[in-house]
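Novice: So I've got this file, model-v9.cif, and it contains mmCIF, C-alpha atoms and all ligand atoms:
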```cif
data_run
loop_
_atom_site.label_atom_id
_atom_site.label_comp_id
_atom_site.auth_asym_id
_atom_site.auth_seq_id
_atom_site.Cartn_x
_atom_site.Cartn_y
_atom_site.Cartn_z
CA MET A 1 134.73 103.50 116.58
CA ARG A 2 131.69 101.49 115.46
CA THR A 3 128.12 101.05 116.61
CA GLN A 4 124.96 99.68 115.02
CA VAL A 5 122.84 102.84 115.11
CA GLY A 6 124.28 106.36 115.37
CA ILE A 7 121.67 108.72 116.83
CA VAL A 8 122.00 112.49 116.42
CA GLY A 9 120.11 114.40 119.13
CA ALA A 10 119.11 113.63 122.72
CA GLY A 11 115.54 114.90 122.77
CA PRO A 12 112.61 112.56 123.41
CA ALA A 13 113.03 110.99 119.93
CA GLY A 14 116.76 110.15 120.10
CA LEU A 15 116.72 109.02 123.73
CA LEU A 16 113.66 106.80 123.43
CA LEU A 17 115.00 105.25 120.22
CA SER A 18 118.24 104.35 122.02
CA HIS A 19 116.21 102.80 124.87
CA LEU A 20 113.94 100.77 122.54
CA LEU A 21 116.91 99.52 120.50
CA ALA A 22 118.77 98.48 123.65
CA ARG A 23 115.74 96.42 124.74
CA ALA A 24 115.95 94.61 121.39
CA GLY A 25 119.69 93.99 121.84
CA ILE A 26 120.82 96.67 119.36
CA GLU A 27 123.70 98.99 120.22
CA SER A 28 123.54 102.73 119.67
CA VAL A 29 125.46 105.91 120.45
CA VAL A 30 123.62 109.21 121.03
CA LEU A 31 125.39 112.45 120.09
CA GLU A 32 123.96 115.67 121.57
CA ALA A 33 125.10 119.25 120.98
CA ARG A 34 123.96 120.60 124.38
CA SER A 35 124.91 119.61 127.91
CA ARG A 36 122.94 117.06 129.94
CA GLU A 37 121.86 119.85 132.33
CA TYR A 38 120.61 121.99 129.46
CA VAL A 39 118.42 119.32 127.85
CA GLN A 40 117.03 118.33 131.25
CA GLN A 41 115.98 121.90 132.09
CA ARG A 42 114.67 123.05 128.71
CA VAL A 43 110.96 123.84 129.14
CA ARG A 44 108.91 122.42 126.25
CA ALA A 45 105.65 120.58 125.72
CA GLY A 46 103.65 118.94 128.49
CA VAL A 47 100.84 116.71 127.23
CA LEU A 48 101.26 112.95 126.77
CA GLU A 49 98.52 111.30 124.76
CA HIS A 50 97.18 107.92 125.81
CA PRO A 51 99.23 105.74 123.40
CA THR A 52 102.42 107.57 124.49
CA VAL A 53 101.77 106.79 128.16
CA GLU A 54 100.98 103.16 127.35
CA LEU A 55 104.19 102.80 125.36
CA LEU A 56 106.30 104.36 128.14
CA ARG A 57 104.69 101.95 130.62
CA GLU A 58 105.31 98.95 128.37
CA VAL A 59 109.02 99.72 128.11
CA GLY A 60 109.61 100.39 131.80
CA LEU A 61 109.83 104.19 131.70
CA ALA A 62 106.72 105.19 133.62
CA ASP A 63 107.54 104.83 137.37
CA ARG A 64 107.82 108.58 138.02
CA LEU A 65 105.29 109.40 135.31
CA ASP A 66 102.70 107.25 137.10
CA ARG A 67 103.52 108.90 140.45
CA GLU A 68 103.80 112.54 139.36
CA GLY A 69 101.94 112.81 136.03
CA MET A 70 98.54 114.50 136.24
CA ALA A 71 95.82 112.38 134.62
CA HIS A 72 93.21 114.53 132.87
CA GLN A 73 89.87 113.24 131.60
CA GLY A 74 88.97 116.27 129.50
CA ILE A 75 89.70 119.83 128.41
CA SER A 76 87.67 122.98 128.28
CA LEU A 77 86.96 125.07 125.21
CA ARG A 78 86.19 128.54 126.57
CA PHE A 79 84.57 131.20 124.41
CA GLU A 80 82.23 134.11 125.03
CA GLY A 81 83.10 133.71 128.71
CA VAL A 82 81.63 130.22 128.99
CA ASP A 83 83.38 126.87 129.51
CA HIS A 84 82.43 123.92 127.33
CA ARG A 85 83.98 120.72 128.57
CA ILE A 86 85.09 118.06 126.13
CA ASP A 87 84.76 114.95 128.26
CA PHE A 88 87.39 112.55 126.90
CA ALA A 89 86.52 109.76 129.32
CA ASP A 90 82.87 109.79 128.29
CA LEU A 91 83.52 110.30 124.56
CA VAL A 92 86.42 107.93 123.91
CA GLY A 93 87.10 106.17 127.22
CA ARG A 94 90.64 107.46 127.66
CA GLY A 95 92.45 110.62 128.67
CA ILE A 96 95.81 112.37 128.61
CA THR A 97 98.60 112.88 131.14
CA VAL A 98 100.23 116.22 131.88
CA TYR A 99 103.96 115.63 132.44
CA GLY A 100 106.69 118.00 131.23
CA GLN A 101 108.83 117.01 128.26
CA GLN A 102 111.96 117.70 130.30
CA GLU A 103 110.73 115.19 132.90
CA VAL A 104 110.42 112.58 130.12
CA VAL A 105 113.95 113.53 129.03
CA LYS A 106 115.31 113.22 132.60
CA ASP A 107 113.71 109.77 133.00
CA LEU A 108 115.10 108.63 129.63
CA ILE A 109 118.64 109.84 130.36
CA ALA A 110 118.61 108.19 133.79
CA ALA A 111 117.36 104.93 132.26
CA ARG A 112 120.00 104.95 129.50
CA PHE A 113 122.83 105.55 131.95
CA ALA A 114 121.47 102.90 134.36
CA ASP A 115 121.55 100.42 131.45
CA GLY A 116 125.10 101.37 130.44
CA GLY A 117 123.94 103.43 127.44
CA ASP A 118 126.41 105.56 125.47
CA LEU A 119 125.25 109.20 125.46
CA ARG A 120 127.75 111.89 124.47
CA PHE A 121 126.85 115.46 125.32
CA GLU A 122 128.37 118.75 124.14
CA VAL A 123 129.53 117.46 120.76
CA SER A 124 129.86 119.89 117.84
CA ASP A 125 130.27 120.03 114.06
CA VAL A 126 128.39 116.81 113.41
CA ALA A 127 128.62 115.73 109.75
CA LEU A 128 127.09 112.73 107.94
CA ASP A 129 128.74 110.76 105.12
CA GLY A 130 128.28 107.48 103.28
CA LEU A 131 124.54 107.44 103.79
CA ALA A 132 123.95 105.19 100.75
CA ASP A 133 125.60 102.09 102.26
CA ALA A 134 128.29 102.78 104.89
CA PRO A 135 127.35 105.70 107.15
CA VAL A 136 130.03 107.61 109.04
CA ILE A 137 129.20 110.33 111.55
CA SER A 138 132.08 112.66 112.25
CA TYR A 139 131.96 115.10 115.16
CA THR A 140 134.06 117.00 117.66
CA ASP A 141 133.73 115.61 121.20
CA SER A 142 133.34 117.69 124.37
CA GLY A 143 137.14 117.69 124.79
CA GLY A 144 137.71 119.20 121.32
CA GLN A 145 138.85 115.93 119.71
CA ARG A 146 137.61 115.13 116.17
CA ARG A 147 136.04 111.62 116.07
CA GLU A 148 134.38 109.21 113.65
CA LEU A 149 131.52 106.85 114.35
CA ARG A 150 130.85 104.15 111.74
CA CYS A 151 127.39 102.62 111.86
CA ASP A 152 124.80 100.56 109.98
CA ALA A 153 122.13 103.25 110.19
CA VAL A 154 121.82 106.87 111.29
CA ALA A 155 118.79 108.29 113.11
CA GLY A 156 118.40 112.03 112.61
CA CYS A 157 116.65 113.02 115.83
CA ASP A 158 118.19 116.48 115.99
CA GLY A 159 115.07 118.62 115.97
CA PHE A 160 113.92 121.27 113.53
CA HIS A 161 117.26 123.14 113.52
CA GLY A 162 119.45 120.04 113.29
CA ILE A 163 121.78 119.06 110.45
CA SER A 164 120.34 115.67 109.44
CA ARG A 165 117.55 116.91 107.18
CA GLY A 166 120.14 118.93 105.23
CA ALA A 167 121.94 115.71 104.22
CA TYR A 168 119.45 115.22 101.39
CA ALA A 169 116.80 117.24 99.61
CA PRO A 170 113.39 116.13 100.89
CA ALA A 171 110.23 117.75 99.56
CA VAL A 172 109.09 120.28 102.11
CA PHE A 173 105.54 121.35 103.04
CA ASP A 174 105.53 124.46 105.15
CA ARG A 175 103.04 126.92 106.60
CA GLU A 176 103.75 129.89 108.83
CA TYR A 177 100.98 131.50 110.83
CA PRO A 178 100.56 135.22 111.49
CA TYR A 179 100.97 134.77 115.25
CA ALA A 180 103.27 133.38 117.92
CA TRP A 181 102.83 132.10 121.52
CA LEU A 182 104.14 133.95 124.53
CA GLY A 183 104.54 131.31 127.25
CA ILE A 184 105.19 131.61 130.95
CA LEU A 185 105.85 129.13 133.71
CA ALA A 186 104.63 130.51 137.05
CA LYS A 187 104.96 129.44 140.63
CA ALA A 188 101.22 129.60 141.17
CA ALA A 189 98.88 126.76 142.07
CA PRO A 190 96.47 125.91 139.23
CA THR A 191 92.93 127.05 140.06
CA GLN A 192 91.35 124.41 137.85
CA HIS A 193 92.18 120.79 137.28
CA GLU A 194 92.05 120.70 133.46
CA LEU A 195 93.43 122.70 130.51
CA ALA A 196 91.39 125.56 129.07
CA TYR A 197 91.70 126.61 125.43
CA SER A 198 90.24 130.13 125.40
CA HIS A 199 89.12 131.92 122.27
CA HIS A 200 88.79 135.66 122.91
CA ARG A 201 88.53 138.57 120.51
CA ASN A 202 91.94 139.83 121.81
CA GLY A 203 93.47 136.50 120.81
CA PHE A 204 93.83 132.89 121.94
CA ALA A 205 95.04 131.95 125.44
CA LEU A 206 95.87 128.55 126.94
CA TYR A 207 95.69 127.57 130.58
CA SER A 208 97.90 124.61 131.43
CA MET A 209 99.99 123.36 134.33
CA ARG A 210 102.95 121.24 135.31
CA SER A 211 102.23 120.28 138.93
CA PRO A 212 99.95 121.22 141.85
CA GLU A 213 102.25 124.25 142.39
CA ILE A 214 103.12 125.32 138.83
CA THR A 215 100.94 126.79 136.08
CA ARG A 216 101.92 127.02 132.42
CA LEU A 217 100.17 129.80 130.52
CA TYR A 218 100.24 131.02 126.94
CA LEU A 219 98.99 134.05 125.00
CA GLN A 220 98.66 134.47 121.25
CA VAL A 221 100.87 137.45 120.27
CA PRO A 222 102.11 138.90 116.96
CA PRO A 223 105.06 136.94 115.46
CA ASP A 224 107.52 139.84 115.84
CA THR A 225 106.79 140.28 119.56
CA ASP A 226 109.66 141.52 121.73
CA ILE A 227 109.33 139.90 125.14
CA ALA A 228 110.65 143.16 126.67
CA ASP A 229 107.28 144.73 125.75
CA TRP A 230 105.54 142.24 127.99
CA PRO A 231 106.36 142.89 131.66
CA ASP A 232 104.75 140.37 134.00
CA THR A 233 101.88 142.69 134.95
CA ARG A 234 100.85 143.06 131.30
CA ILE A 235 100.95 139.29 130.84
CA TRP A 236 98.78 138.64 133.92
CA ASP A 237 96.29 141.36 132.92
CA GLU A 238 95.90 139.94 129.43
CA LEU A 239 95.61 136.37 130.72
CA ALA A 240 92.83 137.49 133.07
CA ILE A 241 90.96 139.15 130.19
CA ARG A 242 91.22 136.24 127.76
CA HIS A 243 90.47 133.50 130.29
CA ALA A 244 87.65 135.37 132.04
CA ALA A 245 84.70 133.04 132.70
CA GLU A 246 82.12 132.56 135.39
CA GLY A 247 83.62 131.03 138.49
CA PHE A 248 87.20 131.28 137.17
CA THR A 249 89.93 133.08 139.07
CA LEU A 250 93.52 133.36 137.88
CA ASN A 251 96.14 132.63 140.50
CA GLU A 252 99.22 134.85 139.98
CA GLY A 253 102.72 134.05 141.20
CA PRO A 254 106.40 134.60 140.44
CA VAL A 255 107.20 134.05 136.75
CA LEU A 256 109.93 131.36 136.55
CA GLU A 257 110.37 131.41 132.75
CA LYS A 258 109.04 133.29 129.80
CA GLY A 259 109.57 133.29 126.06
CA VAL A 260 108.03 133.78 122.63
CA THR A 261 107.84 130.90 120.13
CA GLY A 262 106.79 131.11 116.50
CA ILE A 263 104.15 128.75 115.21
CA ARG A 264 104.46 126.67 112.07
CA SER A 265 103.42 123.54 110.28
CA PHE A 266 106.20 121.68 108.47
CA VAL A 267 106.66 118.24 106.92
CA ALA A 268 109.70 116.81 105.08
CA GLU A 269 109.06 113.87 102.72
CA PRO A 270 110.28 111.22 102.62
CA MET A 271 111.64 110.73 106.14
CA ARG A 272 114.34 108.37 104.87
CA HIS A 273 117.36 108.80 102.64
CA GLY A 274 119.46 105.64 102.18
CA ARG A 275 120.53 104.62 105.68
CA LEU A 276 119.46 107.90 107.27
CA PHE A 277 116.08 107.97 109.03
CA LEU A 278 114.61 111.24 110.34
CA ALA A 279 112.38 111.17 113.40
CA GLY A 280 110.51 113.79 115.44
CA ASP A 281 110.94 117.54 114.94
CA ALA A 282 113.77 116.92 112.44
CA ALA A 283 111.08 115.76 110.00
CA HIS A 284 107.94 117.61 111.08
CA ILE A 285 106.61 120.47 113.18
CA VAL A 286 103.04 121.07 114.30
CA PRO A 287 101.62 124.20 115.89
CA PRO A 288 101.37 123.49 119.64
CA THR A 289 97.58 123.94 119.81
CA GLY A 290 96.94 120.21 119.37
CA ALA A 291 99.66 119.16 121.86
CA LYS A 292 101.02 116.65 119.36
CA GLY A 293 104.77 117.48 118.94
CA MET A 294 106.35 115.19 121.52
CA ASN A 295 103.77 112.48 120.88
CA LEU A 296 104.59 112.36 117.17
CA ALA A 297 108.31 112.13 117.94
CA ILE A 298 107.61 109.15 120.18
CA ALA A 299 105.30 107.50 117.62
CA ASP A 300 108.05 107.81 114.96
CA VAL A 301 110.75 106.11 117.00
CA ARG A 302 108.40 103.30 118.00
CA VAL A 303 108.08 102.47 114.29
CA LEU A 304 111.77 103.08 113.64
CA ALA A 305 112.99 100.87 116.50
CA GLU A 306 110.93 97.96 115.23
CA ALA A 307 112.02 98.48 111.61
CA LEU A 308 115.73 98.77 112.49
CA THR A 309 115.55 95.74 114.77
CA ALA A 310 114.09 93.58 111.96
CA TYR A 311 116.68 94.92 109.54
CA LEU A 312 119.74 94.64 111.75
CA THR A 313 118.96 91.31 113.38
CA ARG A 314 117.21 89.42 110.55
CA GLY A 315 118.09 91.39 107.44
CA GLU A 316 114.41 92.15 106.77
CA GLU A 317 114.01 95.33 104.77
CA SER A 318 110.21 95.63 104.61
CA GLY A 319 110.03 97.66 107.84
CA VAL A 320 112.73 100.17 106.93
CA ASP A 321 111.24 100.48 103.44
CA ALA A 322 107.79 101.25 104.87
CA TYR A 323 109.13 103.54 107.65
CA SER A 324 108.50 106.90 106.00
CA ASP A 325 105.02 106.08 104.67
CA THR A 326 103.95 104.52 107.96
CA CYS A 327 105.02 107.58 109.96
CA LEU A 328 103.71 110.13 107.48
CA ARG A 329 100.17 108.78 107.76
CA ARG A 330 100.07 109.62 111.46
CA VAL A 331 102.04 112.84 110.92
CA TRP A 332 99.57 114.23 108.36
CA ARG A 333 96.60 113.35 110.56
CA ALA A 334 98.25 115.29 113.40
CA GLU A 335 99.12 118.12 111.00
CA HIS A 336 95.48 118.43 110.06
CA PHE A 337 94.23 118.26 113.64
CA SER A 338 96.79 120.83 114.84
CA TRP A 339 96.03 123.19 111.94
CA TRP A 340 92.29 122.83 112.60
CA MET A 341 92.57 123.53 116.35
CA THR A 342 94.87 126.46 115.60
CA SER A 343 92.57 128.02 112.98
CA MET A 344 89.47 127.59 115.15
CA LEU A 345 90.97 129.13 118.29
CA HIS A 346 93.32 131.94 117.20
CA VAL A 347 92.35 135.37 115.99
CA ALA A 348 93.78 136.22 112.55
CA PRO A 349 95.24 139.74 112.66
CA ASP A 350 93.43 140.59 109.44
CA GLY A 351 90.43 138.48 110.44
CA ASP A 352 87.20 139.89 109.14
CA ALA A 353 83.75 139.47 110.64
CA PHE A 354 83.06 136.56 108.28
CA THR A 355 86.06 134.56 109.56
CA ARG A 356 85.09 135.27 113.14
CA ARG A 357 81.52 134.05 112.56
CA LEU A 358 82.90 130.86 111.00
CA GLN A 359 85.15 130.25 114.02
CA LEU A 360 82.32 130.74 116.49
CA SER A 361 80.09 128.47 114.44
CA GLN A 362 82.78 125.77 114.46
CA LEU A 363 83.26 126.15 118.22
CA HIS A 364 79.50 125.87 118.86
CA TYR A 365 79.29 122.80 116.63
CA THR A 366 82.30 121.15 118.27
CA VAL A 367 80.86 121.49 121.77
CA SER A 368 77.26 120.67 120.87
CA SER A 369 77.57 117.72 118.49
CA ARG A 370 78.66 114.47 120.09
CA ALA A 371 80.20 113.34 116.80
CA ALA A 372 82.27 116.53 116.47
CA ALA A 373 83.37 116.41 120.13
CA THR A 374 84.28 112.73 119.70
CA SER A 375 86.49 113.57 116.74
CA LEU A 376 88.33 116.18 118.79
CA ALA A 377 88.66 113.78 121.74
CA GLU A 378 89.90 110.90 119.57
CA ASN A 379 92.61 113.03 117.99
CA TYR A 380 93.63 114.86 121.17
CA THR A 381 93.94 111.73 123.31
CA GLY A 382 95.86 110.04 120.48
CA LEU A 383 94.73 107.69 117.72
CA PRO A 384 95.74 104.06 118.27
CA TYR A 385 99.04 103.07 116.65
CA ALA A 386 98.50 101.40 113.29
N1 LIG B 401 124.21 117.82 116.69
C1 LIG B 401 123.80 117.19 117.81
N2 LIG B 401 122.63 117.44 118.44
C2 LIG B 401 121.84 118.37 117.90
C3 LIG B 401 122.20 119.07 116.72
C4 LIG B 401 123.43 118.75 116.11
N3 LIG B 401 123.82 119.37 114.99
N4 LIG B 401 121.19 119.93 116.41
C5 LIG B 401 120.26 119.78 117.38
N5 LIG B 401 120.64 118.84 118.28
C6 LIG B 401 119.90 118.37 119.46
C7 LIG B 401 119.17 119.46 120.23
O1 LIG B 401 120.03 120.14 121.13
C8 LIG B 401 118.08 118.68 120.93
O2 LIG B 401 118.49 118.24 122.21
O3 LIG B 401 118.88 117.51 119.03
C9 LIG B 401 117.86 117.47 120.04
C10 LIG B 401 116.50 117.49 119.37
O4 LIG B 401 115.52 117.35 120.34
P1 LIG B 401 114.07 118.01 120.24
O5 LIG B 401 114.15 119.34 119.64
O6 LIG B 401 113.44 117.87 121.59
O7 LIG B 401 113.31 117.09 119.16
P2 LIG B 401 112.60 115.68 119.28
O8 LIG B 401 113.38 114.72 120.08
O9 LIG B 401 112.20 115.36 117.89
O10 LIG B 401 111.30 115.98 120.13
C11 LIG B 401 110.20 116.70 119.64
O11 LIG B 401 110.43 118.63 120.97
O12 LIG B 401 110.25 120.78 120.06
C12 LIG B 401 109.66 119.84 120.87
O13 LIG B 401 107.37 120.22 120.69
C13 LIG B 401 108.40 119.45 120.22
O14 LIG B 401 107.68 118.10 121.87
C14 LIG B 401 108.29 118.04 120.62
C15 LIG B 401 109.63 117.50 120.77
C1 LIG B 402 101.74 122.87 127.77
O1 LIG B 402 101.32 122.55 128.89
O2 LIG B 402 102.88 123.32 127.61
C2 LIG B 402 100.83 122.72 126.61
C3 LIG B 402 99.61 122.09 126.77
C4 LIG B 402 98.76 121.96 125.68
C5 LIG B 402 99.13 122.48 124.45
C6 LIG B 402 100.36 123.10 124.29
C7 LIG B 402 101.22 123.23 125.37
O3 LIG B 402 98.27 122.39 123.41
#
```
Could I get this file's structure written as structure tokens?
Ligand code: APR
Ligand code: PHB

Specialist:
Amino acid sequence: MRTQVGIVGAGPAGLLLSHLLARAGIESVVLEARSREYVQQRVRAGVLEHPTVELLREVGLADRLDREGMAHQGISLRFEGVDHRIDFADLVGRGITVYGQQEVVKDLIAARFADGGDLRFEVSDVALDGLADAPVISYTDSGGQRRELRCDAVAGCDGFHGISRGAYAPAVFDREYPYAWLGILAKAAPTQHELAYSHHRNGFALYSMRSPEITRLYLQVPPDTDIADWPDTRIWDELAIRHAAEGFTLNEGPVLEKGVTGIRSFVAEPMRHGRLFLAGDAAHIVPPTGAKGMNLAIADVRVLAEALTAYLTRGEESGVDAYSDTCLRRVWRAEHFSWWMTSMLHVAPDGDAFTRRLQLSQLHYTVSSRAAATSLAENYTGLPYA
């Protein structure tokens, strides 16, 4: 079988790329290792920056997002028991929207099927060949049948653990951090409207939410943490300690989900090899502190859809040639912002008094200088697309 663009992975990157290409009259097939149910339920990120929301609106994907997404005009940096609000609306005139990644994925899958899109779930043993000039993706379909998909270009949207990046030898820039995040999803109504990033001497904690009934909460923990050592009562107690502030109460409720995720920074360069184009987590990872992961994936495929459209409809190569450099500029800005937020807010296990004084100084500066707060707001709400 043949298609114009073979897409590996049905996360936000692969699905949105397929949607954008279809709008430009370009055919694609999406191959996904997991089931539709699995990708729709997987709990991941939850913050959409302003340019992401605008793009989803522009391409007809924001009906439910506009009804159910929670518009936020700021965040709180909480340290020494005091909240310092970063007022996005005042500083940069735009905000963010809290809407779960799996909700974006559900909307994208529904839209692709409604438009007659070709999404194939539960495929295995995906392999890439002929990437120099005549790509072939071979895979085993959900019925166990070996198949081949010939295409003009391949989009590697298969996340950090996918196979696409392994098809060539990109240069890799990698940093691991000496901590992880323990996250829970709880059936408990949020007691505050906005997110709180809390810096406490026990470690960082994040207060987030998914809906008026569901809170999403995180704790900095050591990287080798066994979730079995964290019964719900211990999690709630530690959250209460780290988020403690005047006028704040923590609403507890049944824990619907919990897990520990490592934190890393990672970039593969270039993001293109012949007719293979990496997008999203397949090419880069940011620590979650800046809430940039899903937004970067979406920014990549916006550039890629335009470049592939020009190439496949008009034979123009300038867009595909510039793809990697164009994306990497935004990626590295987000890498810096995410690293900076992470370093300012977490407690290094071997952190000495000097490091701690520096962090507190940076926090005080960020909340007291309008220029510093504006820089945070501009990056957090999303820099305009180039
Ligand atoms: N074959 C087919 N599909 C694969 C393979 C493979 N060999 N390996 C992985 N996949 C699928 C995964 O099951 C997943 O559904 O590729 C998809 C990749 O999706 P994501 O990991 O969501 O990556 P991406 O679309 O780039 O979105 C980035 O995800 O990790 C979060 O915080 C991150 O929000 C960011 C977003
Ligand atoms: C989330 O709600 O899951 C979330 C919010 C902000 C972050 C990271 C995760 O920085």

Novice: Kindly work out which residues sit at most 7 Å from ligand LIG 401 (chain B), using all atoms listed in the file, and give the list as an mmCIF file with C-alpha atoms, in the frame of the given file.

Specialist:
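Here's the written file selection30.cif:
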```
data_model
loop_
_atom_site.group_PDB
_atom_site.id
_atom_site.type_symbol
_atom_site.label_atom_id
_atom_site.label_comp_id
_atom_site.auth_asym_id
_atom_site.auth_seq_id
_atom_site.Cartn_x
_atom_site.Cartn_y
_atom_site.Cartn_z
ATOM 1 C CA VAL A 8 122.000 112.490 116.420
ATOM 2 C CA GLY A 9 120.110 114.400 119.130
ATOM 3 C CA ALA A 10 119.110 113.630 122.720
ATOM 4 C CA GLY A 11 115.540 114.900 122.770
ATOM 5 C CA PRO A 12 112.610 112.560 123.410
ATOM 6 C CA ALA A 13 113.030 110.990 119.930
ATOM 7 C CA GLY A 14 116.760 110.150 120.100
ATOM 8 C CA LEU A 31 125.390 112.450 120.090
ATOM 9 C CA GLU A 32 123.960 115.670 121.570
ATOM 10 C CA ALA A 33 125.100 119.250 120.980
ATOM 11 C CA ARG A 34 123.960 120.600 124.380
ATOM 12 C CA VAL A 39 118.420 119.320 127.850
ATOM 13 C CA ARG A 44 108.910 122.420 126.250
ATOM 14 C CA ALA A 45 105.650 120.580 125.720
ATOM 15 C CA GLN A 101 108.830 117.010 128.260
ATOM 16 C CA VAL A 123 129.530 117.460 120.760
ATOM 17 C CA SER A 124 129.860 119.890 117.840
ATOM 18 C CA ASP A 125 130.270 120.030 114.060
ATOM 19 C CA VAL A 126 128.390 116.810 113.410
ATOM 20 C CA CYS A 157 116.650 113.020 115.830
ATOM 21 C CA ASP A 158 118.190 116.480 115.990
ATOM 22 C CA GLY A 159 115.070 118.620 115.970
ATOM 23 C CA PHE A 160 113.920 121.270 113.530
ATOM 24 C CA HIS A 161 117.260 123.140 113.520
ATOM 25 C CA GLY A 162 119.450 120.040 113.290
ATOM 26 C CA ILE A 163 121.780 119.060 110.450
ATOM 27 C CA ALA A 279 112.380 111.170 113.400
ATOM 28 C CA GLY A 280 110.510 113.790 115.440
ATOM 29 C CA ASP A 281 110.940 117.540 114.940
ATOM 30 C CA ALA A 282 113.770 116.920 112.440
ATOM 31 C CA PRO A 288 101.370 123.490 119.640
ATOM 32 C CA GLY A 293 104.770 117.480 118.940
ATOM 33 C CA MET A 294 106.350 115.190 121.520
ATOM 34 C CA ASN A 295 103.770 112.480 120.880
ATOM 35 C CA ALA A 297 108.310 112.130 117.940
#
```

Novice: Counting only C-alpha atoms, write as a VMD selection string all protein and nucleic acid residues lying at most 7 Å from (130.2, 97.8, 113.1) in the file's frame.

Specialist: chain A and resid 2 to 4 150 to 152

Novice: For ligand LIG 402 (chain B), list the contacting residues at 9 Å or closer, counting all atoms listed in the file, as a VMD selection string.

Specialist: chain A and resid 43 to 47 98 to 101 183 185 195 to 197 206 to 210 215 to 218 287 to 293 338

Novice: Kindly indicate which residue among A:Leu312, A:Ala155, A:Leu77, A:Val255 lies nearest to Met341 (chain A), using all atoms listed in the file for the distances.

Specialist: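 Between A:Leu312, A:Ala155, A:Leu77, A:Val255, the residue approaching Met341 (chain A) most closely is A:Leu77.
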
Novice: Can you work out the spacing between CA of Ala169 (chain A) and CA of His273 (chain A) in Å, to one decimal?

Specialist: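 Pair CA of Ala169 (chain A) / CA of His273 (chain A) returns 9.0 Å.
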
Novice: Do you know which residues are at most 12 Å from His364 (chain A) counting all atoms listed in the file, after dropping those on the same chain fewer than 5 positions away, and could you put them as a list in words?

Specialist: Leu77, Arg78, Phe79, Glu80, Val82, Asp83, His84, Arg85, His199, Met344, Leu345, Arg357, Leu358, Gln359, Ser369, Arg370, Ala372 and Ala373 of chain A

Novice: So how far away is CA of Gly95 (chain A) from CA of Ala71 (chain A), in Å?

Specialist: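 Atom-to-atom, CA of Ala71 (chain A) to CA of Gly95 (chain A), that is 7.1 Å.
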
Novice: Would you pick out the contacts of Thr313 (chain A) at 10 Å or less, using only C-alpha atoms, so that residues sharing its chain but fewer than 6 positions from it are not included, and give the list as a list of chain:residue names?

Specialist: A:Ala24, A:Gly25, A:Ile26

Novice: Would you mind exporting C-alpha atoms of the selected residues as a short mmCIF file (atom, residue, chain, number, x, y, z; two decimals), in the frame of the given file?

Specialist:
```
data_model
loop_
_atom_site.label_atom_id
_atom_site.label_comp_id
_atom_site.auth_asym_id
_atom_site.auth_seq_id
_atom_site.Cartn_x
_atom_site.Cartn_y
_atom_site.Cartn_z
CA ALA A 24 115.95 94.61 121.39
CA GLY A 25 119.69 93.99 121.84
CA ILE A 26 120.82 96.67 119.36
#
```
